[in-house]
file run_37.cif (mmCIF, C-alpha atoms)
data_final
#
loop_
_atom_site.label_atom_id
_atom_site.label_comp_id
_atom_site.auth_asym_id
_atom_site.auth_seq_id
_atom_site.Cartn_x
_atom_site.Cartn_y
_atom_site.Cartn_z
CA MET A 149 0.00 0.00 0.00
CA ASN A 150 1.15 3.60 -0.22
CA ASP A 151 1.24 5.78 2.88
CA MET A 152 0.61 2.68 4.91
CA LEU A 153 4.30 2.02 4.46
CA LYS A 154 5.11 5.11 6.44
CA GLU A 155 5.69 4.93 10.15
CA PHE A 156 5.49 1.19 10.07
CA GLY A 157 7.98 -0.31 12.42
CA ASP A 158 8.49 -3.85 13.60
CA SER A 159 5.30 -5.59 14.52
CA HIS A 160 5.11 -7.20 17.90
CA ALA A 161 3.45 -10.45 18.82
CA GLN A 162 0.03 -9.68 20.21
CA MET A 163 -0.90 -11.61 23.30
CA ALA A 164 -4.63 -12.14 23.58
CA GLY A 165 -6.60 -11.45 26.73
CA SER A 166 -6.43 -7.71 27.03
CA MET A 167 -6.42 -6.55 23.48
CA ASP A 168 -8.78 -5.21 20.88
CA TYR A 169 -6.85 -6.53 17.84
CA GLN A 170 -6.83 -3.01 16.37
CA HIS A 171 -4.47 -2.53 13.49
CA PRO A 172 -1.69 -0.08 14.45
CA GLN A 173 -2.21 1.72 11.13
CA ALA A 174 -6.00 1.65 11.16
CA GLN A 175 -6.57 5.29 10.26
CA ILE A 176 -4.04 5.26 7.41
CA ILE A 177 -5.61 2.10 6.00
CA LEU A 178 -9.08 3.65 6.15
CA ASP A 179 -7.87 6.85 4.53
CA GLU A 180 -6.14 5.02 1.70
CA CYS A 181 -9.06 2.68 1.02
CA GLN A 182 -11.52 5.56 1.03
CA GLY A 183 -9.17 7.52 -1.23
CA MET A 184 -9.09 4.64 -3.70
CA LEU A 185 -12.86 4.07 -3.61
CA GLY A 186 -13.37 7.81 -4.04
CA LYS A 187 -11.77 7.58 -7.47
CA LEU A 188 -14.37 5.07 -8.70
CA PRO A 189 -18.00 5.80 -9.63
CA GLU A 190 -19.34 2.84 -7.62
CA GLY A 191 -16.87 3.54 -4.84
CA LYS A 192 -18.10 7.13 -4.55
CA ARG A 193 -21.67 5.91 -4.36
CA LEU A 194 -20.82 3.42 -1.63
CA LEU A 195 -18.90 6.01 0.40
CA ALA A 196 -21.83 8.41 0.13
CA PHE A 197 -24.19 5.69 1.35
CA ALA A 198 -21.84 4.94 4.26
CA GLN A 199 -21.66 8.60 5.23
CA GLU A 200 -25.40 9.18 4.98
CA ASN A 201 -26.15 6.16 7.11
CA GLY A 202 -23.49 6.58 9.78
CA ILE A 203 -21.52 3.47 8.90
CA LYS A 204 -18.64 3.02 11.34
CA TYR A 205 -15.31 1.37 10.59
CA GLN A 206 -12.81 -0.65 12.51
CA VAL A 207 -9.57 -2.20 11.23
CA ILE A 208 -8.11 -5.24 12.93
CA THR A 209 -5.02 -7.28 12.10
CA GLY A 210 -5.39 -10.70 10.55
CA LYS A 211 -3.91 -13.34 8.29
CA VAL A 212 -5.39 -12.08 4.99
CA PRO A 213 -7.34 -9.03 3.78
CA ASP A 214 -11.00 -9.60 4.56
CA PHE A 215 -14.10 -7.92 5.95
CA HIS A 216 -16.71 -8.71 8.54
CA ILE A 217 -19.89 -6.85 9.41
CA SER A 218 -21.12 -6.42 12.94
CA GLY A 219 -24.68 -5.32 13.67
CA SER A 220 -26.29 -3.01 11.16
CA ASP A 221 -23.70 -0.26 10.96
CA LEU A 222 -20.18 -1.49 11.68
CA LEU A 223 -17.72 -2.64 9.05
CA VAL A 224 -14.68 -4.47 10.41
CA LEU A 225 -11.81 -4.62 7.92
CA VAL A 226 -9.13 -7.25 8.42
CA CYS A 227 -5.62 -6.32 7.26
CA PRO A 228 -2.32 -8.19 7.80
CA ALA A 229 -0.03 -6.48 10.30
CA ASN A 230 2.67 -5.97 7.69
CA THR A 231 1.01 -3.56 5.29
CA LYS A 232 3.92 -3.81 2.87
CA ALA A 233 2.44 -7.18 2.01
CA VAL A 234 -1.00 -5.80 1.22
CA ASP A 235 -2.33 -4.62 -2.11
CA LEU A 236 -4.34 -1.40 -1.76
CA ASP A 237 -6.73 -2.40 -4.56
CA GLU A 238 -7.57 -5.62 -2.73
CA MET A 239 -8.08 -3.84 0.58
CA ALA A 240 -10.25 -1.13 -1.00
CA CYS A 241 -12.29 -3.82 -2.74
CA ASN A 242 -12.92 -5.42 0.65
CA MET A 243 -14.09 -2.10 2.03
CA GLY A 244 -16.48 -1.67 -0.92
CA MET A 245 -17.88 -5.17 -0.52
CA GLY A 246 -18.34 -4.62 3.20
CA ILE A 247 -20.24 -1.38 2.67
CA ARG A 248 -22.40 -3.17 0.10
CA ALA A 249 -23.16 -5.91 2.64
CA LEU A 250 -24.38 -3.23 5.05
CA GLU A 251 -26.37 -1.59 2.25
CA GLN A 252 -28.22 -4.76 1.28
CA PRO A 253 -31.13 -4.46 3.75
CA TYR A 254 -31.76 -0.93 2.43
CA ILE A 255 -32.26 -2.25 -1.12
CA GLY A 256 -34.47 -5.21 -0.34
CA ILE A 257 -31.85 -7.91 0.21
CA PRO A 258 -32.51 -9.18 3.72
CA ARG A 259 -29.61 -9.94 6.02
CA PRO A 260 -29.09 -13.72 5.86
CA HIS A 261 -29.03 -15.81 9.00
CA PRO A 262 -26.55 -18.69 8.91
CA GLY A 263 -28.09 -21.88 10.24
CA ASN A 264 -31.53 -21.04 8.88
CA ASN A 265 -31.94 -24.03 6.60
CA THR A 266 -35.47 -23.25 5.46
CA PRO A 267 -35.86 -22.66 1.71
CA GLU A 268 -36.26 -18.94 2.48
CA GLY A 269 -33.12 -18.93 4.60
CA ILE A 270 -31.06 -20.70 1.95
CA HIS A 271 -32.44 -18.35 -0.71
CA ALA A 272 -31.41 -15.34 1.42
CA ILE A 273 -27.85 -16.65 1.74
CA ARG A 274 -27.58 -17.31 -2.00
CA ARG A 275 -28.94 -13.86 -2.80
CA HIS A 276 -26.52 -12.23 -0.36
CA PHE A 277 -23.44 -13.89 -1.87
CA LEU A 278 -24.56 -13.36 -5.45
CA ASP A 279 -25.02 -9.66 -4.84
CA ILE A 280 -21.69 -9.29 -3.01
CA THR A 281 -19.84 -11.16 -5.76
CA ILE A 282 -21.36 -9.03 -8.52
CA GLU A 283 -20.41 -5.98 -6.47
CA MET A 284 -16.84 -7.26 -6.35
CA CYS A 285 -16.86 -7.61 -10.18
CA LYS A 286 -18.17 -4.04 -10.47
CA ILE A 287 -15.44 -2.58 -8.24
CA VAL A 288 -12.68 -4.65 -9.85
CA SER A 289 -13.90 -3.59 -13.30
CA GLU A 290 -13.75 0.09 -12.32
CA ILE A 291 -10.28 -0.29 -10.81
CA TYR A 292 -9.13 -1.96 -14.03
CA ASP A 293 -10.67 0.80 -16.16
CA MET A 294 -8.91 3.40 -14.04
CA ASP A 295 -5.35 2.09 -14.19
CA ASN A 296 -5.28 -1.00 -16.47
CA LYS A 297 -3.57 -2.95 -13.70
CA SER A 298 -4.52 -6.60 -13.97
CA LYS A 299 -3.41 -7.73 -10.52
CA ILE A 300 -6.84 -7.25 -8.96
CA VAL A 301 -8.44 -9.00 -11.98
CA ASP A 302 -6.03 -11.91 -11.48
CA LEU A 303 -7.12 -12.08 -7.86
CA LEU A 304 -10.76 -12.33 -8.90
CA ASP A 305 -9.73 -15.04 -11.34
CA LYS A 306 -7.99 -16.95 -8.55
CA LEU A 307 -11.21 -16.73 -6.56
CA GLY A 308 -12.91 -18.56 -9.43
CA HIS A 309 -15.03 -15.69 -10.71
CA ARG A 310 -13.41 -14.97 -14.10
CA GLU A 311 -16.51 -16.05 -16.05
CA LEU A 312 -18.79 -13.91 -13.90
CA TYR A 313 -16.43 -10.98 -14.31
CA GLU A 314 -16.40 -11.37 -18.10
CA ALA A 315 -20.20 -11.55 -18.03
CA TYR A 316 -20.32 -8.32 -16.03
CA ARG A 317 -17.87 -6.61 -18.40
CA SER A 318 -19.90 -7.66 -21.44
CA GLY A 319 -23.11 -6.30 -19.97
CA LYS A 320 -24.94 -9.58 -19.33
CA SER A 321 -28.22 -9.38 -17.43
CA LYS A 322 -28.49 -10.10 -13.70
CA GLU A 323 -30.31 -13.34 -14.50
CA GLU A 324 -27.50 -14.48 -16.79
CA MET A 325 -24.89 -13.54 -14.19
CA ALA A 326 -26.87 -15.43 -11.52
CA ASP A 327 -26.83 -18.56 -13.71
CA ILE A 328 -23.07 -18.28 -14.19
CA TYR A 329 -22.44 -17.63 -10.50
CA PHE A 330 -24.53 -20.52 -9.19
CA LYS A 331 -23.05 -22.91 -11.75
CA SER A 332 -19.55 -21.95 -10.59
CA VAL A 333 -20.26 -22.25 -6.86
CA ASN A 334 -22.18 -25.49 -7.30
CA ALA A 335 -19.24 -26.93 -9.23
CA VAL A 336 -16.92 -26.49 -6.24
CA MET B 1063 -2.58 -33.52 10.64
CA ILE B 1064 -6.00 -33.56 12.22
CA TRP B 1065 -7.89 -30.75 13.90
CA HIS B 1066 -9.42 -31.60 17.26
CA ARG B 1067 -12.61 -29.86 18.25
CA LEU B 1068 -12.61 -28.44 21.78
CA ASP B 1069 -15.46 -29.41 24.08
CA ARG B 1070 -17.88 -26.76 25.28
CA GLU B 1071 -16.06 -26.10 28.56
CA LYS B 1072 -12.73 -25.55 26.81
CA THR B 1073 -14.41 -23.45 24.11
CA VAL B 1074 -15.93 -21.18 26.76
CA SER B 1075 -12.55 -20.92 28.45
CA MET B 1076 -10.80 -20.06 25.20
CA ILE B 1077 -13.39 -17.40 24.29
CA ALA B 1078 -12.91 -15.84 27.72
CA ARG B 1079 -9.15 -15.68 27.16
CA VAL B 1080 -9.14 -14.24 23.65
CA LYS B 1081 -12.28 -12.13 23.43
CA PRO B 1082 -11.59 -8.62 22.20
CA THR B 1083 -11.91 -5.74 24.62
CA THR B 1084 -14.27 -4.05 22.15
CA GLN B 1085 -17.78 -5.31 21.48
CA SER B 1086 -17.46 -5.27 17.69
CA ILE B 1087 -16.22 -8.83 17.43
CA THR B 1088 -18.11 -11.29 19.53
CA PHE B 1089 -17.90 -15.04 19.93
CA SER B 1090 -20.72 -16.94 21.55
CA PRO B 1091 -20.16 -20.55 22.68
CA ALA B 1092 -23.50 -21.45 21.05
CA THR B 1093 -22.51 -20.26 17.58
CA SER B 1094 -18.75 -20.67 17.70
CA GLU B 1095 -16.41 -23.58 17.24
CA ALA B 1096 -12.94 -23.87 18.73
CA LYS B 1097 -10.44 -26.42 17.52
CA CYS B 1098 -6.74 -27.11 17.79
CA LEU B 1099 -4.01 -28.72 15.73
CA LYS B 1100 -0.75 -30.27 16.90
CA LEU B 1101 2.24 -28.96 15.00
CA PRO B 1102 5.25 -31.29 14.63
CA PHE B 1103 7.76 -28.48 15.19
CA TYR B 1104 6.41 -27.30 18.56
CA GLU B 1105 6.42 -29.28 21.79
CA THR B 1106 4.03 -27.26 23.87
CA PHE B 1107 2.25 -24.84 21.55
CA LEU B 1108 -0.69 -25.79 19.34
CA LEU B 1109 -2.50 -23.91 16.61
CA TYR B 1110 -5.97 -22.87 17.79
CA ARG B 1111 -8.83 -21.61 15.61
CA LEU B 1112 -11.97 -19.91 16.85
CA THR B 1113 -14.76 -19.54 14.28
CA ASN B 1114 -17.99 -17.59 14.56
CA PHE B 1115 -20.62 -19.30 12.40
CA SER B 1116 -23.31 -16.75 13.10
CA SER B 1117 -21.83 -14.18 10.74
CA LEU B 1118 -21.57 -14.15 6.97
CA PRO B 1119 -18.92 -14.61 5.85
CA THR B 1120 -17.97 -16.79 8.80
CA PHE B 1121 -15.21 -15.20 10.84
CA SER B 1122 -12.18 -17.00 12.22
CA MET B 1123 -9.27 -16.01 14.42
CA ASP B 1124 -6.12 -18.13 14.76
CA PHE B 1125 -3.76 -18.32 17.70
CA LEU B 1126 -0.65 -20.13 18.83
CA SER B 1127 -1.17 -21.23 22.40
CA ASP B 1128 0.09 -23.51 25.13
CA GLY B 1129 -3.45 -23.53 26.52
CA ASP B 1130 -2.66 -20.65 28.81
CA THR B 1131 -1.17 -17.84 26.75
CA TYR B 1132 -2.62 -17.09 23.32
CA PHE B 1133 -0.69 -15.29 20.59
CA TYR B 1134 -2.82 -13.93 17.79
CA MET B 1135 -1.79 -14.77 14.22
CA ASP B 1136 -1.89 -11.28 12.75
CA GLY B 1137 -0.42 -11.98 9.31
CA SER B 1138 3.14 -11.15 10.39
CA ASP B 1139 5.77 -13.59 11.62
CA ALA B 1140 5.99 -11.86 15.00
CA PRO B 1141 3.91 -14.46 16.90
CA ILE B 1142 5.88 -17.31 15.32
CA GLN B 1143 9.22 -15.73 16.24
CA LYS B 1144 7.94 -15.07 19.75
CA ILE B 1145 7.02 -18.73 20.25
CA ASN B 1146 10.27 -19.90 18.64
CA ALA B 1147 12.25 -17.78 21.09
CA GLN B 1148 10.07 -18.54 24.09
CA ALA B 1149 9.25 -22.21 23.69
CA GLY B 1150 11.81 -23.43 21.16
CA LEU B 1151 11.51 -24.78 17.67
CA LYS B 1152 12.12 -28.44 16.79
CA ILE B 1153 13.57 -27.98 13.34
CA SER B 1154 14.91 -31.06 11.54
CA LYS B 1155 14.85 -32.68 8.09
CA GLU B 1156 11.47 -34.11 9.05
CA THR B 1157 9.90 -30.91 10.34
CA VAL B 1158 11.37 -28.24 8.08
CA ILE B 1159 8.76 -28.75 5.32
CA PRO B 1160 5.75 -28.70 7.68
CA TYR B 1161 7.25 -25.56 9.25
CA LEU B 1162 7.58 -23.85 5.86
CA ASN B 1163 4.04 -24.83 4.83
CA PHE B 1164 2.79 -23.40 8.11
CA TYR B 1165 4.92 -20.26 7.80
CA TYR B 1166 3.78 -19.44 4.27
CA CYS B 1167 0.18 -20.12 5.23
CA PHE B 1168 0.19 -17.66 8.13
CA VAL B 1169 2.66 -14.96 7.16
CA ARG B 1170 1.75 -12.42 4.51
CA LEU B 1171 5.05 -11.50 2.85
CA PRO B 1172 5.93 -8.32 0.93
CA GLU B 1173 6.85 -10.41 -2.13
CA GLY B 1174 3.30 -11.78 -2.27
CA GLU B 1175 1.74 -15.17 -1.60
CA ILE B 1176 4.18 -18.07 -1.49
CA ILE B 1177 3.10 -21.72 -1.48
CA LEU B 1178 5.29 -24.81 -1.64
CA LEU B 1179 3.98 -26.74 -4.63
CA LYS B 1180 3.55 -30.50 -4.53
CA SER B 1181 4.88 -30.40 -8.10
CA PRO B 1182 5.46 -27.67 -10.71
CA GLU B 1183 2.28 -28.84 -12.46
CA GLU B 1184 0.21 -27.97 -9.40
CA ALA B 1185 0.73 -24.28 -10.21
CA ALA B 1186 -1.87 -24.59 -12.97
CA ILE B 1187 -4.63 -25.88 -10.70
CA ILE B 1188 -3.89 -24.62 -7.22
CA ASP B 1189 -6.52 -22.46 -5.58
CA LEU B 1190 -4.90 -19.78 -3.40
CA TYR B 1191 -8.06 -19.54 -1.35
CA ASP B 1192 -8.48 -23.25 -0.75
CA GLU B 1193 -7.84 -23.28 2.98
CA ASP B 1194 -7.67 -27.06 3.11
CA ARG B 1195 -4.82 -27.03 0.58
CA ARG B 1196 -3.04 -24.17 2.34
CA GLU B 1197 -3.25 -26.10 5.59
CA GLU B 1198 -1.78 -29.34 4.24
CA PHE B 1199 1.29 -28.72 6.36
CA GLY B 1200 2.56 -32.22 5.63
CA ALA B 1201 2.55 -31.76 1.84
CA VAL B 1202 6.01 -32.50 0.43
CA PRO B 1203 7.16 -30.86 -2.84
CA THR B 1204 8.63 -32.87 -5.71
CA PRO B 1205 11.42 -32.41 -6.66
CA ILE B 1206 12.99 -31.32 -3.41
CA ASP B 1207 16.46 -30.97 -1.98
CA ILE B 1208 17.04 -30.42 1.73
CA ALA B 1209 20.54 -29.68 2.98
CA GLN B 1210 21.76 -28.59 6.40
CA ASP B 1211 24.79 -26.49 7.23
CA THR B 1212 26.49 -28.49 9.97
CA GLN B 1213 28.13 -25.37 11.40
CA THR B 1214 25.07 -23.18 11.80
CA GLY B 1215 22.24 -25.71 11.67
CA THR B 1216 20.55 -23.65 8.95
CA PHE B 1217 18.50 -25.65 6.47
CA SER B 1218 18.53 -24.89 2.77
CA VAL B 1219 15.52 -26.18 0.85
CA THR B 1220 15.29 -26.12 -2.95
CA ALA B 1221 11.74 -26.70 -4.11
CA PRO B 1222 9.04 -25.59 -6.56
CA VAL B 1223 6.95 -22.74 -5.19
CA LEU B 1224 4.16 -20.52 -6.34
CA TYR B 1225 5.80 -17.12 -5.96
CA ASP B 1226 3.39 -14.22 -6.29
CA GLY B 1227 1.38 -16.20 -8.82
CA SER B 1228 4.28 -17.65 -10.83
CA PRO B 1229 5.80 -21.15 -10.59
CA MET B 1230 9.42 -20.76 -9.57
CA GLU B 1231 12.22 -22.86 -8.22
CA ALA B 1232 13.28 -21.23 -4.99
CA VAL B 1233 16.01 -21.67 -2.43
CA ILE B 1234 14.59 -21.25 1.04
CA THR B 1235 16.73 -20.97 4.12
CA VAL B 1236 15.44 -21.72 7.59
CA THR B 1237 17.69 -20.84 10.51
CA LYS B 1238 17.69 -22.83 13.73
CA ASP B 1239 15.53 -20.18 15.36
CA GLY B 1240 13.00 -20.33 12.51
CA ARG B 1241 13.80 -17.29 10.40
CA VAL B 1242 12.85 -17.86 6.77
CA THR B 1243 14.38 -16.32 3.64
CA THR B 1244 13.00 -17.12 0.20
CA THR B 1245 15.08 -16.54 -2.94
CA PRO B 1246 13.50 -17.31 -6.31
CA LYS B 1247 16.05 -18.87 -8.67
CA ARG B 1248 14.31 -19.58 -11.96
CA MET B 1249 10.92 -19.71 -13.56
CA LEU B 1250 9.49 -23.20 -13.94
CA THR B 1251 7.72 -24.27 -17.08
CA MET B 1252 5.06 -26.66 -15.99
CA GLY B 1253 5.67 -30.21 -17.17
CA LEU B 1254 9.01 -29.43 -18.81
CA ASN B 1255 11.31 -29.44 -15.80
#
call {"tool": "encode", "arguments": {"input": "run_37.cif", "output": "structure tokens"}}
result
Amino acid sequence: MNDMLKEFGDSHAQMAGSMDYQHPQAQIILDECQGMLGKLPEGKRLLAFAQENGIKYQVITGKVPDFHISGSDLLVLVCPANTKAVDLDEMACNMGMGIRALEQPYIGIPRPHPGNNTPEGIHAIRRHFLDITIEMCKIVSEIYDMDNKSKIVDLLDKLGHRELYEAYRSGKSKEEMADIYFKSVNAV
Amino acid sequence: MIWHRLDREKTVSMIARVKPTTQSITFSPATSEAKCLKLPFYETFLLYRLTNFSSLPTFSMDFLSDGDTYFYMDGSDAPIQKINAQAGLKISKETVIPYLNFYYCFVRLPEGEIILLKSPEEAAIIDLYDEDRREEFGAVPTPIDIAQDTQTGTFSVTAPVLYDGSPMEAVITVTKDGRVTTTPKRMLTMGLN
């Protein structure tokens, strides 16, 4: 990442029991991710949604870049302690996906409840993941259009979503993308 | 290597020890699972994983622990070096590969993702996000050469690796105290080496 490299000293082993797992560079990470999203049309929209709805952020350390939502208004970003090892595009994409997950109830996609194995519950989980994955394709596509860097596209490929991404890029309908997505996840 | 699920009492105890001081990340014994894995290169420390199944995506936190003190795996090698210094590392020809598989699985390096490949051909099919594959700590690369410097005890391993997305032959050194250095030597052409 960029400024995240600044002021980064040796990391120290964190002993659990009296800690909050906060990333020592939390504010820099947030600033850089928001800066990156702010350059993208979809990113700007997501940041505006987050601001209007009082979304709060927290950044914790962890093995790999990831996100986690807590309650209805908290996005927890997970970032490895050594930020030199982290790609800003990937981290910003996680922030965008996390905001989208918090936005879902506002646009008619109910929050899924793991363990609810009713047909409605399973449908909610499938809908949640489909929407988040299409959102990832949208953000990755805009990052690619901005700088022509293929690293983030390669990452999406490694996640097994190349076909869905190509479908998004070629303007396929949501129904067609849903077919592609569910075929790919069912094949795993 | 087999994960062992902790019983409810031990799960409750672990949650009490590792729970964050903030309320943003919560683990309930009813919706969480705790498990542990014996690692061949540590005598007293095990790998522990606590997973919250009530969130989507599910959320896991990993620790190295002797059952009393828990060190959080934060993506750096700091917890590993701490345990190596505090509890000792059993590094030998038998344990150096499991140690490297473990190290690359838990440490996010500036040069990108590194995985020891079972063979150069595996580069074409490996899934970086397949946790089961990443956690095959016993997986042995082919071809492989393991040599030890009798003076320093440092191991030198030559093996195929996936190095930031590319199949490479790399020379990896592992010092007696567990410090790892990875040097890519040449690009591998799958099936032609």
call {"tool": "resolve_selection", "arguments": {"input": "run_37.cif", "expression": "the PyMOL selection byres ((chain A) within 10 of (chain B))", "output": "number ranges by chain"}}
result
A: 158-171, 205-206, 208-219, 222-224, 226-235, 249, 259-263, 273, 276-277, 299, 302-303, 305-308
call {"tool": "residues_around", "arguments": {"input": "run_37.cif", "residues": "Pro1222 in chain B", "least_positions_apart": "3", "cutoff": "8 Å", "atoms": "all atoms listed in the file", "output": "PyMOL selection string"}}
result
chain B and resi 1178-1182+1203-1206+1229-1232+1250
call {"tool": "atom_distance", "arguments": {"input": "run_37.cif", "atom1": "CA of Ala1096 in chain B", "atom2": "CA of Leu1151 in chain B"}}
result
24.5 Å
call {"tool": "resolve_selection", "arguments": {"input": "run_37.cif", "expression": "the PyMOL selection byres ((chain A and resi 309) around 12)", "output": "MDAnalysis selection string"}}
result
chainID A and resid 278 281:285 288 300:308 310:316 325:326 328:333 336
call {"tool": "resolve_selection", "arguments": {"input": "run_37.cif", "expression": "the PyMOL selection byres ((chain B and resi 1245) around 7)", "output": "VMD selection string"}}
result
chain B and resid 1232 to 1234 1243 to 1244 1246 to 1247
call {"tool": "write_last_selection", "arguments": {"input": "run_37.cif", "atoms": "C-alpha atoms", "output": "PDB file, in the coordinates of the input"}}
result
ATOM      1  CA  ALA B1232      13.280 -21.230  -4.990  1.00  0.00           C
ATOM      2  CA  VAL B1233      16.010 -21.670  -2.430  1.00  0.00           C
ATOM      3  CA  ILE B1234      14.590 -21.250   1.040  1.00  0.00           C
ATOM      4  CA  THR B1243      14.380 -16.320   3.640  1.00  0.00           C
ATOM      5  CA  THR B1244      13.000 -17.120   0.200  1.00  0.00           C
ATOM      6  CA  PRO B1246      13.500 -17.310  -6.310  1.00  0.00           C
ATOM      7  CA  LYS B1247      16.050 -18.870  -8.670  1.00  0.00           C
TER       8      LYS B1247
END
call {"tool": "closest_residue", "arguments": {"input": "run_37.cif", "among": "B:Arg1248, B:Lys1100, B:Pro1091, B:Glu1184", "to": "His1066 in chain B", "atoms": "all atoms listed in the file"}}
result
B:Lys1100
call {"tool": "residues_around", "arguments": {"input": "run_37.cif", "residues": "range 190-201 of chain A", "least_positions_apart": "6", "cutoff": "10 Å", "atoms": "all atoms listed in the file", "output": "JSON list (two decimals) with C-alpha atoms, keeping the file's coordinate frame"}}
result
[["chain", "number", "residue", "atom", "x", "y", "z"],
["A", 181, "CYS", "CA", -9.06, 2.68, 1.02],
["A", 182, "GLN", "CA", -11.52, 5.56, 1.03],
["A", 183, "GLY", "CA", -9.17, 7.52, -1.23],
["A", 184, "MET", "CA", -9.09, 4.64, -3.70],
["A", 221, "ASP", "CA", -23.70, -0.26, 10.96],
["A", 222, "LEU", "CA", -20.18, -1.49, 11.68],
["A", 223, "LEU", "CA", -17.72, -2.64, 9.05],
["A", 240, "ALA", "CA", -10.25, -1.13, -1.00],
["A", 241, "CYS", "CA", -12.29, -3.82, -2.74],
["A", 243, "MET", "CA", -14.09, -2.10, 2.03],
["A", 244, "GLY", "CA", -16.48, -1.67, -0.92],
["A", 245, "MET", "CA", -17.88, -5.17, -0.52],
["A", 246, "GLY", "CA", -18.34, -4.62, 3.20],
["A", 247, "ILE", "CA", -20.24, -1.38, 2.67],
["A", 248, "ARG", "CA", -22.40, -3.17, 0.10],
["A", 250, "LEU", "CA", -24.38, -3.23, 5.05],
["A", 251, "GLU", "CA", -26.37, -1.59, 2.25],
["A", 283, "GLU", "CA", -20.41, -5.98, -6.47],
["A", 286, "LYS", "CA", -18.17, -4.04, -10.47],
["A", 287, "ILE", "CA", -15.44, -2.58, -8.24],
["A", 290, "GLU", "CA", -13.75, 0.09, -12.32],
["A", 291, "ILE", "CA", -10.28, -0.29, -10.81]]
call {"tool": "decode", "arguments": {"input": "run_37.cif", "residues": "range 1113-1133 of chain B", "atoms": "C-alpha atoms", "output": "tab-separated table (two decimals), in the first residue's frame"}}
result
chain	number	residue	atom	x	y	z
B	1113	THR	CA	-14.76	-19.54	14.28
B	1114	ASN	CA	-17.99	-17.59	14.56
B	1115	PHE	CA	-20.62	-19.30	12.40
B	1116	SER	CA	-23.31	-16.75	13.10
B	1117	SER	CA	-21.83	-14.18	10.74
B	1118	LEU	CA	-21.57	-14.15	6.97
B	1119	PRO	CA	-18.92	-14.61	5.85
B	1120	THR	CA	-17.97	-16.79	8.80
B	1121	PHE	CA	-15.21	-15.20	10.84
B	1122	SER	CA	-12.18	-17.00	12.22
B	1123	MET	CA	-9.27	-16.01	14.42
B	1124	ASP	CA	-6.12	-18.13	14.76
B	1125	PHE	CA	-3.76	-18.32	17.70
B	1126	LEU	CA	-0.65	-20.13	18.83
B	1127	SER	CA	-1.17	-21.23	22.40
B	1128	ASP	CA	0.09	-23.51	25.13
B	1129	GLY	CA	-3.45	-23.53	26.52
B	1130	ASP	CA	-2.66	-20.65	28.81
B	1131	THR	CA	-1.17	-17.84	26.75
B	1132	TYR	CA	-2.62	-17.09	23.32
B	1133	PHE	CA	-0.69	-15.29	20.59
